[in-house]
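Student: A single structure is presented below for examination.
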Amino acid sequence: MSQSQTKSQRKVLLYPGEDGYFVVEVPSLPGCISQGKTREEALGNIEEAISLYIEVLEDRGEFVPEDEIEIVVV
């Protein structure tokens, strides 16, 4: 797996939106949010959004944050 592919794998939050769509957010990439009519569509859309987000950061020479998110239930 290449370094870009490894960086592209992120923990995401997936939840139902008020409009009936599934919403997906990437906590390690602020503002990286997508949605889809189905769970599968939402996850596919966020995979593309993550790749594009990271590509833009790299093209600009900006830091790509690590995915150091810990999921904790309280």
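Lettering and numbering for the structure tokens are positional, with chains as A, B, ... in the shown order, residues counted from 1 in each chain, and ligands counted from 1 in the shown order.
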Which residues, written as a ChimeraX atom specification, have at least one atom at most 10 Å from Asp67 of chain A, with only C-alpha atoms counted and residues fewer than 3 positions away on the same chain left out?

Tutor: /A:7-12,26-29,64,70

Student: Find the residues near Tyr53 of chain A: any atom within 9 Å, counting only C-alpha atoms, skip ones fewer than 5 places away on the same chain, and give them as a VMD selection string.

Tutor: chain A and resid 29 32 48 58

Student: Quick one: residues within 12 Å of Glu40 of chain A, only C-alpha atoms, excluding same-chain residues fewer than 2 positions away - as a ChimeraX atom specification?

Tutor: /A:14,21-24,35-38,42-47

Student: Selection from above, all heavy atoms, as an mmCIF file, in the first residue's frame, can you write it?

Tutor:
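After the write, part_18.cif holds the following:
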```cif
data_model
loop_
_atom_site.group_PDB
_atom_site.id
_atom_site.type_symbol
_atom_site.label_atom_id
_atom_site.label_comp_id
_atom_site.auth_asym_id
_atom_site.auth_seq_id
_atom_site.Cartn_x
_atom_site.Cartn_y
_atom_site.Cartn_z
ATOM 1 N N LEU A 14 -20.329 8.334 11.121
ATOM 2 C CA LEU A 14 -21.437 8.075 10.197
ATOM 3 C C LEU A 14 -22.724 8.115 11.006
ATOM 4 O O LEU A 14 -22.855 7.408 12.001
ATOM 5 C CB LEU A 14 -21.260 6.706 9.540
ATOM 6 C CG LEU A 14 -22.389 6.206 8.647
ATOM 7 C CD1 LEU A 14 -22.476 7.030 7.376
ATOM 8 C CD2 LEU A 14 -22.191 4.740 8.316
ATOM 9 N N TYR A 21 -30.778 11.348 4.740
ATOM 10 C CA TYR A 21 -29.499 10.928 4.169
ATOM 11 C C TYR A 21 -28.554 10.530 5.299
ATOM 12 O O TYR A 21 -28.754 10.904 6.452
ATOM 13 C CB TYR A 21 -28.864 12.078 3.377
ATOM 14 C CG TYR A 21 -29.415 12.269 1.997
ATOM 15 C CD1 TYR A 21 -30.735 12.671 1.799
ATOM 16 C CD2 TYR A 21 -28.629 12.059 0.879
ATOM 17 C CE1 TYR A 21 -31.248 12.859 0.528
ATOM 18 C CE2 TYR A 21 -29.125 12.254 -0.403
ATOM 19 C CZ TYR A 21 -30.435 12.645 -0.563
ATOM 20 O OH TYR A 21 -30.937 12.824 -1.826
ATOM 21 N N PHE A 22 -27.523 9.769 4.954
ATOM 22 C CA PHE A 22 -26.456 9.461 5.898
ATOM 23 C C PHE A 22 -25.387 10.538 5.761
ATOM 24 O O PHE A 22 -24.983 10.879 4.655
ATOM 25 C CB PHE A 22 -25.837 8.090 5.608
ATOM 26 C CG PHE A 22 -26.722 6.951 6.030
ATOM 27 C CD1 PHE A 22 -27.636 6.408 5.148
ATOM 28 C CD2 PHE A 22 -26.639 6.432 7.315
ATOM 29 C CE1 PHE A 22 -28.467 5.366 5.523
ATOM 30 C CE2 PHE A 22 -27.467 5.391 7.709
ATOM 31 C CZ PHE A 22 -28.380 4.851 6.817
ATOM 32 N N VAL A 23 -24.933 11.059 6.887
ATOM 33 C CA VAL A 23 -23.893 12.079 6.921
ATOM 34 C C VAL A 23 -22.609 11.415 7.407
ATOM 35 O O VAL A 23 -22.638 10.572 8.305
ATOM 36 C CB VAL A 23 -24.281 13.231 7.873
ATOM 37 C CG1 VAL A 23 -23.180 14.270 7.955
ATOM 38 C CG2 VAL A 23 -25.595 13.866 7.425
ATOM 39 N N VAL A 24 -21.479 11.801 6.803
ATOM 40 C CA VAL A 24 -20.183 11.255 7.198
ATOM 41 C C VAL A 24 -19.211 12.416 7.395
ATOM 42 O O VAL A 24 -19.086 13.273 6.532
ATOM 43 C CB VAL A 24 -19.606 10.305 6.127
ATOM 44 C CG1 VAL A 24 -18.404 9.561 6.672
ATOM 45 C CG2 VAL A 24 -20.641 9.322 5.626
ATOM 46 N N GLN A 35 -22.176 13.067 2.301
ATOM 47 C CA GLN A 35 -23.424 12.375 2.628
ATOM 48 C C GLN A 35 -23.806 11.449 1.486
ATOM 49 O O GLN A 35 -23.192 11.467 0.425
ATOM 50 C CB GLN A 35 -24.538 13.366 2.912
ATOM 51 C CG GLN A 35 -24.941 14.212 1.717
ATOM 52 C CD GLN A 35 -26.091 15.154 2.071
ATOM 53 O OE1 GLN A 35 -26.440 15.338 3.223
ATOM 54 N NE2 GLN A 35 -26.687 15.752 1.053
ATOM 55 N N GLY A 36 -24.822 10.663 1.708
ATOM 56 C CA GLY A 36 -25.342 9.776 0.672
ATOM 57 C C GLY A 36 -26.711 9.261 1.055
ATOM 58 O O GLY A 36 -27.084 9.286 2.233
ATOM 59 N N LYS A 37 -27.452 8.797 0.059
ATOM 60 C CA LYS A 37 -28.798 8.270 0.302
ATOM 61 C C LYS A 37 -28.751 6.980 1.108
ATOM 62 O O LYS A 37 -29.659 6.684 1.875
ATOM 63 C CB LYS A 37 -29.520 8.016 -1.020
ATOM 64 C CG LYS A 37 -29.878 9.266 -1.768
ATOM 65 C CD LYS A 37 -30.585 8.941 -3.066
ATOM 66 C CE LYS A 37 -30.857 10.211 -3.860
ATOM 67 N NZ LYS A 37 -31.493 9.913 -5.153
ATOM 68 N N THR A 38 -27.685 6.198 0.895
ATOM 69 C CA THR A 38 -27.503 4.950 1.633
ATOM 70 C C THR A 38 -26.180 5.009 2.384
ATOM 71 O O THR A 38 -25.321 5.849 2.099
ATOM 72 C CB THR A 38 -27.462 3.736 0.684
ATOM 73 O OG1 THR A 38 -26.295 3.853 -0.155
ATOM 74 C CG2 THR A 38 -28.712 3.651 -0.174
ATOM 75 N N ALA A 42 -22.790 6.937 1.094
ATOM 76 C CA ALA A 42 -22.131 7.931 1.946
ATOM 77 C C ALA A 42 -20.661 7.573 2.161
ATOM 78 O O ALA A 42 -19.783 8.434 2.077
ATOM 79 C CB ALA A 42 -22.860 8.040 3.282
ATOM 80 N N LEU A 43 -20.376 6.301 2.421
ATOM 81 C CA LEU A 43 -18.992 5.881 2.634
ATOM 82 C C LEU A 43 -18.169 6.002 1.356
ATOM 83 O O LEU A 43 -17.011 6.412 1.398
ATOM 84 C CB LEU A 43 -18.953 4.456 3.187
ATOM 85 C CG LEU A 43 -19.504 4.314 4.605
ATOM 86 C CD1 LEU A 43 -19.617 2.846 5.005
ATOM 87 C CD2 LEU A 43 -18.672 5.096 5.603
ATOM 88 N N GLY A 44 -18.752 5.682 0.229
ATOM 89 C CA GLY A 44 -18.054 5.857 -1.050
ATOM 90 C C GLY A 44 -17.760 7.324 -1.321
ATOM 91 O O GLY A 44 -16.666 7.680 -1.771
ATOM 92 N N ASN A 45 -18.727 8.184 -1.015
ATOM 93 C CA ASN A 45 -18.547 9.621 -1.230
ATOM 94 C C ASN A 45 -17.451 10.186 -0.325
ATOM 95 O O ASN A 45 -16.655 11.022 -0.757
ATOM 96 C CB ASN A 45 -19.861 10.371 -0.997
ATOM 97 C CG ASN A 45 -20.883 10.110 -2.082
ATOM 98 O OD1 ASN A 45 -20.557 9.613 -3.160
ATOM 99 N ND2 ASN A 45 -22.130 10.425 -1.799
ATOM 100 N N ILE A 46 -17.393 9.722 0.924
ATOM 101 C CA ILE A 46 -16.388 10.259 1.829
ATOM 102 C C ILE A 46 -15.001 9.749 1.465
ATOM 103 O O ILE A 46 -14.014 10.462 1.644
ATOM 104 C CB ILE A 46 -16.729 9.999 3.321
ATOM 105 C CG1 ILE A 46 -15.986 10.998 4.227
ATOM 106 C CG2 ILE A 46 -16.406 8.582 3.733
ATOM 107 C CD1 ILE A 46 -16.381 12.425 4.066
ATOM 108 N N GLU A 47 -14.898 8.547 0.929
ATOM 109 C CA GLU A 47 -13.590 8.059 0.463
ATOM 110 C C GLU A 47 -13.028 8.994 -0.606
ATOM 111 O O GLU A 47 -11.856 9.352 -0.576
ATOM 112 C CB GLU A 47 -13.704 6.641 -0.092
ATOM 113 C CG GLU A 47 -13.834 5.580 0.971
ATOM 114 C CD GLU A 47 -13.955 4.174 0.383
ATOM 115 O OE1 GLU A 47 -13.787 4.003 -0.847
ATOM 116 O OE2 GLU A 47 -14.214 3.259 1.168
#
```

Student: Assign secondary structure with DSSP using the backbone only, and return the residues of chain A in helix (DSSP H, G or I) as a list in words.

Tutor: Gln3, Ser4, Gln5, Thr6, Lys7, Ser8, Arg39, Glu40, Glu41, Ala42, Leu43, Gly44, Asn45, Ile46, Glu47, Glu48, Ala49, Ile50, Ser51, Leu52, Tyr53, Ile54, Glu55, Val56, Leu57, Glu58 and Asp59 of chain A

Student: Measure the distance from atom CA of Glu68 of chain A to atom CA of Glu25 of chain A in Å and round it to one decimal.

Tutor: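 We find that atom CA of Glu68 of chain A and atom CA of Glu25 of chain A lie 14.7 Å from each other.
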
Student: Measuring atom to atom with only C-alpha atoms, identify which of A:Ser34, A:Val74, A:Asp59, A:Glu66 is nearest to Gly17 of chain A.

Tutor: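 Using only C-alpha atoms, the shortest distance to Gly17 of chain A belongs to A:Ser34.
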